[in-house]
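query_30.cif follows; it contains mmCIF, C-alpha atoms.
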data_start
loop_
_atom_site.label_atom_id
_atom_site.label_comp_id
_atom_site.auth_asym_id
_atom_site.auth_seq_id
_atom_site.Cartn_x
_atom_site.Cartn_y
_atom_site.Cartn_z
CA MET A 1 6.04 59.69 -24.67
CA GLN A 2 8.53 62.53 -24.42
CA SER A 3 8.98 64.43 -27.67
CA SER A 4 12.20 66.11 -28.78
CA VAL A 5 12.68 69.52 -27.17
CA THR A 6 15.73 70.76 -29.06
CA MET A 7 15.20 74.14 -30.68
CA CYS A 8 17.48 75.12 -33.56
CA PHE A 9 16.19 78.45 -34.74
CA LEU A 10 16.18 80.83 -31.80
CA LEU A 11 18.23 83.94 -31.02
CA LEU A 12 20.16 84.54 -27.81
CA VAL A 13 18.42 87.07 -25.58
CA PHE A 14 20.80 89.71 -24.26
CA PRO A 15 20.41 93.11 -22.61
CA VAL A 16 20.85 96.06 -24.98
CA ASN A 17 22.44 99.26 -23.63
CA ALA A 18 22.19 97.87 -20.09
CA HIS A 19 18.45 97.33 -20.46
CA PHE A 20 17.57 93.82 -19.33
CA VAL A 21 14.86 92.04 -21.29
CA GLU A 22 11.80 91.07 -19.33
CA ASN A 23 11.16 87.56 -20.60
CA PHE A 24 12.46 84.63 -22.65
CA GLU A 25 10.45 85.42 -25.76
CA ASP A 26 12.88 83.48 -27.94
CA CYS A 27 12.87 80.21 -25.97
CA MET A 28 9.41 80.00 -24.45
CA GLU A 29 9.10 76.31 -25.28
CA TYR A 30 10.95 75.42 -22.07
CA PHE A 31 8.25 77.01 -19.90
CA TYR A 32 4.92 75.22 -19.48
CA LYS A 33 2.28 77.15 -21.45
CA GLY A 34 4.82 79.93 -21.90
CA HIS A 35 4.61 81.06 -18.27
CA VAL A 36 7.90 82.66 -17.16
CA PRO A 37 8.23 83.33 -13.42
CA LYS A 38 8.87 86.94 -12.51
CA TRP A 39 12.00 87.50 -10.45
CA THR A 40 12.55 90.31 -7.95
CA SER A 41 15.83 91.44 -9.51
CA ASN A 42 16.95 92.01 -13.08
CA HIS A 43 19.26 89.35 -14.44
CA ILE A 44 20.47 88.25 -17.87
CA HIS A 45 18.21 85.95 -19.89
CA ILE A 46 20.00 83.33 -21.99
CA CYS A 47 18.62 80.85 -24.50
CA GLN A 48 21.47 78.35 -24.29
CA LYS A 49 22.88 77.45 -27.69
CA PHE A 50 25.22 74.61 -28.62
CA ASN A 51 26.04 73.16 -32.05
CA ASN A 52 23.63 75.58 -33.71
CA CYS A 53 20.65 74.52 -31.57
CA TYR A 54 19.00 75.85 -28.41
CA HIS A 55 18.52 73.37 -25.58
CA PHE A 56 17.30 75.18 -22.42
CA ALA A 57 16.86 78.61 -20.80
CA THR A 58 18.88 80.24 -18.01
CA LEU A 59 18.32 83.29 -15.86
CA TYR A 60 21.84 84.34 -14.91
CA ASP A 61 23.20 86.45 -12.06
CA THR A 62 26.36 88.24 -13.24
CA THR A 63 27.07 89.68 -9.77
CA ASN A 64 27.27 86.31 -8.02
CA ARG A 65 28.38 84.54 -11.23
CA ILE A 66 25.87 81.73 -10.77
CA PRO A 67 22.57 80.91 -12.47
CA VAL A 68 19.37 82.03 -10.78
CA TYR A 69 17.53 79.14 -12.39
CA SER A 70 17.50 76.90 -15.44
CA ALA A 71 14.28 75.97 -17.26
CA TYR A 72 14.08 72.83 -19.38
CA ILE A 73 12.08 69.75 -20.33
CA VAL A 74 13.42 66.42 -19.08
CA GLU A 75 14.52 63.94 -21.71
CA ASP A 76 14.73 60.19 -21.18
CA GLY A 77 18.20 59.97 -22.67
CA ILE A 78 21.82 59.03 -22.08
CA SER A 79 24.13 61.77 -20.81
CA SER A 80 27.11 62.89 -22.88
CA ASP A 81 30.22 64.49 -21.40
CA HIS A 82 31.98 67.60 -22.77
CA ASP A 83 34.59 70.15 -21.80
CA TRP A 84 33.40 73.10 -19.72
CA MET A 85 32.19 76.08 -21.75
CA VAL A 86 31.52 79.79 -21.33
CA GLU A 87 29.11 82.25 -22.97
CA PRO A 88 30.85 84.58 -25.47
CA GLN A 89 28.08 87.20 -25.35
CA LEU A 90 28.70 87.66 -21.63
CA VAL A 91 32.07 89.04 -22.72
CA LYS A 92 30.92 91.24 -25.59
CA GLN A 93 27.46 91.47 -27.09
CA GLU A 94 28.79 91.22 -30.64
CA PHE A 95 30.61 87.94 -29.94
CA GLU A 96 29.33 84.50 -30.96
CA LYS A 97 25.89 83.42 -29.78
CA GLU A 98 27.01 79.86 -29.12
CA MET A 99 28.69 78.57 -25.96
CA MET A 100 32.29 77.37 -26.38
CA ARG A 101 35.44 76.56 -24.44
CA ALA A 102 37.34 79.56 -23.13
CA ASP A 103 40.45 78.65 -25.11
CA SER A 104 38.37 78.44 -28.30
CA LEU A 105 36.95 81.89 -27.57
CA ILE A 106 40.46 83.29 -27.09
CA TYR A 107 41.56 81.62 -30.32
CA LYS A 108 38.75 83.41 -32.17
CA HIS A 109 39.55 86.71 -30.42
CA PRO A 110 43.34 86.72 -29.78
CA THR A 111 43.36 89.99 -27.82
CA LEU A 112 41.01 88.46 -25.24
CA ASN A 113 42.20 87.00 -21.92
CA LEU A 114 40.64 84.95 -19.10
CA ASP A 115 40.17 87.98 -16.85
CA GLU A 116 37.97 89.62 -19.49
CA ILE A 117 35.99 86.41 -19.99
CA GLY A 118 35.40 86.16 -16.25
CA LYS A 119 34.13 89.68 -15.59
CA MET A 120 30.46 88.64 -15.80
CA GLN A 121 30.65 84.85 -15.52
CA ALA A 122 32.50 82.06 -13.78
CA THR A 123 35.41 80.34 -15.50
CA ASP A 124 37.01 76.93 -15.18
CA VAL A 125 39.89 78.56 -13.28
CA ASP A 126 37.43 79.72 -10.61
CA TYR A 127 35.98 76.26 -10.11
CA LYS A 128 39.44 74.79 -9.67
CA GLN A 129 39.49 76.77 -6.38
CA LEU A 130 36.42 75.00 -4.97
CA PRO A 131 36.51 74.59 -1.17
CA LYS A 132 36.91 71.08 0.17
CA GLY A 133 33.64 69.14 0.19
CA TYR A 134 32.08 71.00 -2.77
CA ASN A 135 31.96 70.19 -6.47
CA ARG A 136 30.32 71.49 -9.64
CA GLY A 137 26.58 71.13 -9.34
CA HIS A 138 24.49 71.25 -12.51
CA LEU A 139 21.14 72.98 -12.25
CA ASN A 140 19.98 71.40 -15.50
CA PRO A 141 21.70 67.99 -15.19
CA ASN A 142 23.35 66.34 -18.19
CA SER A 143 21.67 63.07 -17.17
CA HIS A 144 18.30 64.60 -18.12
CA HIS A 145 19.31 64.85 -21.77
CA ALA A 146 21.07 63.04 -24.60
CA GLY A 147 23.63 63.98 -27.27
CA ASP A 148 24.11 67.69 -27.90
CA ALA A 149 21.46 68.65 -25.36
CA SER A 150 23.43 66.84 -22.67
CA LYS A 151 26.69 68.46 -23.80
CA ALA A 152 25.00 71.87 -23.68
CA THR A 153 24.51 71.53 -19.92
CA MET A 154 28.30 71.76 -19.57
CA THR A 155 28.25 75.54 -19.70
CA LEU A 156 29.47 77.26 -16.55
CA THR A 157 26.34 79.44 -16.62
CA ASN A 158 24.48 76.24 -15.61
CA ILE A 159 26.74 75.39 -12.65
CA VAL A 160 26.87 76.31 -8.96
CA PRO A 161 29.24 75.21 -6.18
CA GLN A 162 27.25 72.42 -4.53
CA LYS A 163 27.96 70.31 -1.48
CA GLN A 164 29.39 67.08 -2.89
CA LYS A 165 27.40 64.75 -0.62
CA LEU A 166 24.16 66.48 -1.64
CA ASN A 167 25.06 66.60 -5.34
CA GLN A 168 25.84 62.90 -5.43
CA GLY A 169 23.24 61.88 -2.87
CA MET A 170 19.66 63.02 -2.24
CA TRP A 171 19.74 65.66 -4.99
CA LYS A 172 20.75 63.05 -7.56
CA ASP A 173 18.02 60.72 -6.27
CA HIS A 174 15.45 63.43 -6.92
CA GLU A 175 16.85 64.02 -10.40
CA ASP A 176 16.51 60.28 -11.08
CA THR A 177 12.87 60.43 -9.99
CA LEU A 178 12.14 63.21 -12.49
CA LYS A 179 13.96 61.33 -15.24
CA ALA A 180 11.79 58.27 -14.60
CA LEU A 181 8.66 60.42 -15.05
CA ALA A 182 9.97 61.53 -18.46
CA LYS A 183 9.51 58.01 -19.83
CA GLU A 184 5.78 58.75 -20.03
CA HIS A 185 5.38 62.52 -19.69
CA SER A 186 6.77 65.88 -20.78
CA VAL A 187 8.17 67.07 -17.46
CA TYR A 188 8.80 70.82 -17.21
CA VAL A 189 11.42 71.81 -14.66
CA LEU A 190 12.62 74.99 -12.99
CA VAL A 191 15.72 74.45 -10.87
CA GLY A 192 17.64 77.15 -9.10
CA ALA A 193 19.88 78.33 -6.30
CA ILE A 194 19.62 80.99 -3.58
CA PRO A 195 22.94 82.80 -3.11
CA SER A 196 24.59 83.21 0.27
CA LYS A 197 25.51 86.57 1.73
CA ASP A 198 29.20 85.99 2.25
CA THR A 199 30.33 82.51 1.16
CA TRP A 200 32.41 82.49 -2.02
CA ILE A 201 34.92 80.72 -4.16
CA LYS A 202 37.83 83.14 -3.90
CA ARG A 203 40.72 83.65 -6.28
CA ASP A 204 43.66 85.91 -5.45
CA ASN A 205 41.80 86.72 -2.24
CA GLN A 206 38.87 88.16 -4.20
CA PRO A 207 35.29 86.77 -4.15
CA ARG A 208 34.60 85.20 -7.52
CA VAL A 209 31.70 82.71 -7.41
CA ASN A 210 28.96 82.69 -4.79
CA ILE A 211 28.38 79.43 -2.93
CA PRO A 212 24.57 79.17 -2.58
CA ASP A 213 22.80 78.67 0.71
CA TYR A 214 19.97 76.65 -0.87
CA MET A 215 19.08 74.64 -3.94
CA TRP A 216 15.48 74.35 -5.12
CA VAL A 217 13.55 72.58 -7.86
CA ALA A 218 9.98 72.73 -9.19
CA TYR A 219 8.32 70.48 -11.76
CA CYS A 220 5.02 70.07 -13.57
CA TYR A 221 3.67 67.56 -16.08
CA CYS A 222 0.20 67.19 -17.52
CA ASP A 223 -1.90 64.80 -19.56
CA LYS A 224 -5.26 65.35 -21.23
CA THR A 225 -7.17 65.31 -17.94
CA SER A 226 -4.94 66.63 -15.16
CA CYS A 227 -1.56 67.98 -14.05
CA LYS A 228 0.81 66.85 -11.35
CA SER A 229 3.48 68.97 -9.75
CA GLY A 230 5.78 69.38 -6.81
CA GLY A 231 9.00 70.84 -5.58
CA ALA A 232 11.92 70.41 -3.22
CA THR A 233 14.49 72.49 -1.40
CA ALA A 234 17.86 71.55 0.04
CA LYS A 235 20.25 73.39 2.29
CA ASN A 236 23.60 73.43 0.50
CA THR A 237 25.51 72.10 3.50
CA GLU A 238 23.92 68.69 4.05
CA ASN A 239 22.63 65.64 2.21
CA LYS A 240 18.92 66.23 2.78
CA ILE A 241 16.00 67.48 0.70
CA ASP A 242 12.55 68.71 1.77
CA LYS A 243 9.76 67.88 -0.67
CA CYS A 244 6.90 70.33 -0.95
CA THR A 245 4.05 71.63 -3.07
CA LEU A 246 4.51 74.45 -5.56
CA SER A 247 2.74 76.85 -3.21
CA GLN A 248 5.02 75.89 -0.35
CA LEU A 249 8.08 76.30 -2.57
CA GLN A 250 6.77 79.65 -3.71
CA ALA A 251 6.37 80.81 -0.11
CA PHE A 252 9.96 79.71 0.55
CA LEU A 253 11.27 81.68 -2.44
CA GLU A 254 9.18 84.73 -1.53
CA LYS A 255 10.61 84.63 1.98
CA HIS A 256 14.05 84.88 0.43
CA ASN A 257 12.91 87.76 -1.81
CA ARG A 258 13.31 85.77 -5.00
CA VAL A 259 10.10 85.31 -6.99
CA GLU A 260 7.00 87.44 -7.57
CA GLY A 261 3.88 85.58 -8.66
CA LEU A 262 3.50 82.02 -9.89
CA LEU A 263 6.36 79.66 -10.70
CA PHE A 264 4.21 77.80 -13.25
CA ASP A 265 0.92 78.26 -15.04
CA ASN A 266 -2.15 77.91 -12.77
CA ASP A 267 -2.81 74.41 -14.15
CA CYS A 268 0.21 73.12 -12.22
CA TYR A 269 -1.00 74.20 -8.78
CA VAL A 270 -2.60 70.90 -7.86
CA GLU A 271 -0.72 70.31 -4.58
CA GLN A 272 0.24 66.69 -5.27
CA ALA A 273 3.78 66.65 -3.92
CA ALA A 274 4.69 63.80 -1.59
CA GLY A 275 3.54 64.44 1.95
CA ALA A 276 1.33 67.36 0.98
CA SER A 277 -2.42 67.56 1.43
CA ALA A 278 -4.45 67.22 -1.75
CA GLY A 279 -7.41 69.22 -2.86
CA ALA A 280 -6.03 72.71 -3.36
CA SER A 281 -7.55 74.38 -6.35
CA ALA A 282 -5.71 75.07 -9.58
CA GLY A 283 -6.13 78.77 -8.86
CA ALA A 284 -4.23 78.59 -5.59
CA GLY A 285 -1.59 80.91 -7.01
CA ALA A 286 0.29 83.53 -5.13
CA SER A 287 -2.35 83.99 -2.42
CA ALA A 288 -1.97 80.34 -1.43
CA ALA A 289 1.78 80.66 -1.50
CA ALA A 290 1.72 83.57 0.91
CA GLY A 291 0.05 81.47 3.57
CA ALA A 292 1.70 78.17 2.79
CA SER A 293 3.38 76.02 5.37
CA ALA A 294 7.10 76.38 6.10
CA ALA A 295 7.49 72.75 5.09
CA ALA A 296 9.65 73.80 2.15
CA GLY A 297 12.72 73.78 4.36
CA ASN A 298 12.55 77.34 5.70
CA PRO A 299 15.39 78.16 8.10
#
Since I need it in another form, could you write the structure as structure tokens?
Amino acid sequence: MQSSVTMCFLLLVFPVNAHFVENFEDCMEYFYKGHVPKWTSNHIHICQKFNNCYHFATLYDTTNRIPVYSAYIVEDGISSDHDWMVEPQLVKQEFEKEMMRADSLIYKHPTLNLDEIGKMQATDVDYKQLPKGYNRGHLNPNSHHAGDASKATMTLTNIVPQKQKLNQGMWKDHEDTLKALAKEHSVYVLVGAIPSKDTWIKRDNQPRVNIPDYMWVAYCYCDKTSCKSGGATAKNTENKIDKCTLSQLQAFLEKHNRVEGLLFDNDCYVEQAAGASAGASAGAGASAAAGASAAAGNP
């Protein structure tokens, strides 16, 4: 059965003097066997903290003001709602390490204003300008957790503008499938978004939050004898997902200049996603990804 994954003793990882850290050394538990995928661009690494505990990891893009991906372990729990929160250390490094509401942050730092909070991250004011047909799409969904862990997903560093029909349709169905697996397994998940070139939430005629072109998700779970894995992609304009193997998903992400190397540890490359051919070796790795089929929803 799924064990508790809450971590209550880690430090928030943050770039020092504009030097971005290279891995999530303080919240490795959310990556299967400690394998962190290598991304093609430098972004901010966050071990997401709420109520004095760490609950998941996020690679965050401060230019597009959306997460690159979230990494977590699925819990078989009951979701808990909470007000939307921001990350104080994306405002100033010396600020609090724990996510909180923007008004609470301003209360603690009275000279602060919303414009300063929103320089490197999205704010609730931005998301109130969502275009018609889009809503707030969790990468790490609150339905995959319980209690404080579920509330912790309500940080705006875990949200992207997502097509409403997709968010409430096929994407949710896939999330429900992963949650069902968590009743018997520890399911490791990477879920992310690929930004668009020129589609944005705008405020005062200025681009504020990128509206992604694609959503993607990868998962892996293992028992004493074997691992199972798979992935999916979805164009962020329609209610449709394309299931795939990890190697196929990797080829898709490489085509979009996102990832370098493996998404998961070699053990997970077993090619058991629905509709995929079985029998690929555990060492398939990046070489298999390079020649993988375009079945991962390539444009």
Q: Could you tell me how far CA of Ile73 in chain A lies from CA of Asn51 in chain A, in Å and to one decimal?
A: 18.5 Å
Q) Written as a PyMOL selection string, which residues does the PyMOL selection byres ((chain A and resi 68) around 7) give for the file shown? A) chain A and resi 59-61+66-67+69+192-193
Q.
Env of Lys92 in chain A: 10 Å cut, atoms = only C-alpha atoms, seq-sep filter 5 positions within chain, self excluded. Answer as a list in words.
A.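 Those residues are Glu87, Glu116 and Ile117 of chain A.
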Q.
When the PyMOL selection byres ((chain A and resi 136) around 12) is applied to the structure above, which residues does it catch, written out as a VMD selection string?
A. chain A and resid 66 84 122 to 124 126 to 135 137 to 141 153 to 168 201 209 211 to 212
Provide an axis-aligned box for all listed atoms of range 247-253 of chain A, padding each side by 8 Å; report its centre and its edge lengths in Å to one decimal, as JSON.
{"center_x": 7.0, "center_y": 78.8, "center_z": -1.6, "size_x": 24.5, "size_y": 21.8, "size_z": 20.3}
Q.
Assuming the chain letters and numbering stay as they are in my file, what does the PyMOL selection byres ((chain A and resi 119) around 9) actually select? List them as number ranges by chain.
A. A: 62, 65, 90-91, 114-118, 120-122
Q. For Thr63 in chain A, which residue out of A:Lys38, A:Arg258, A:Lys228, A:Arg208 is the nearest one, using only C-alpha atoms?
A.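 Closest to Thr63 in chain A, using only C-alpha atoms: A:Arg208.
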Q: Measuring atom to atom with only C-alpha atoms, identify which of A:Asp267, A:Met28, A:Ser143, A:Ile46 is nearest to Lys224 in chain A.
A: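 Once distances to Lys224 in chain A are computed over only C-alpha atoms, the minimum belongs to A:Asp267.
Closest approach to Ala146 in chain A from the set A:Met215, A:Ile78, A:Ala251, A:Cys220 is made by A:Ile78, with distances taken over only C-alpha atoms.
Minimum atom-to-atom distance to Glu96 in chain A, evaluated using all atoms listed in the file, belongs to A:Lys49 out of A:Glu254, A:Phe31, A:Lys49, A:Glu75.
The spacing separating CA of Phe50 in chain A from CA of Tyr219 in chain A amounts to 24.2 Å.
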Q.
I'd like the interatomic distance between CA of Asp81 in chain A and CA of Val189 in chain A, to a tenth of an Å.
A. 21.3 Å
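Of the listed residues A:Val74, A:Cys222, A:Leu263, A:Ala57, the one whose atoms come nearest to Ala180 in chain A is A:Val74, with distances taken using all atoms listed in the file.
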Q | Top pick for closest residue to Ala71 in chain A, considering A:Ile106, A:Leu249, A:Ala218, A:Ile194 and counting all atoms listed in the file | A |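 The closest residue to Ala71 in chain A is A:Ala218.
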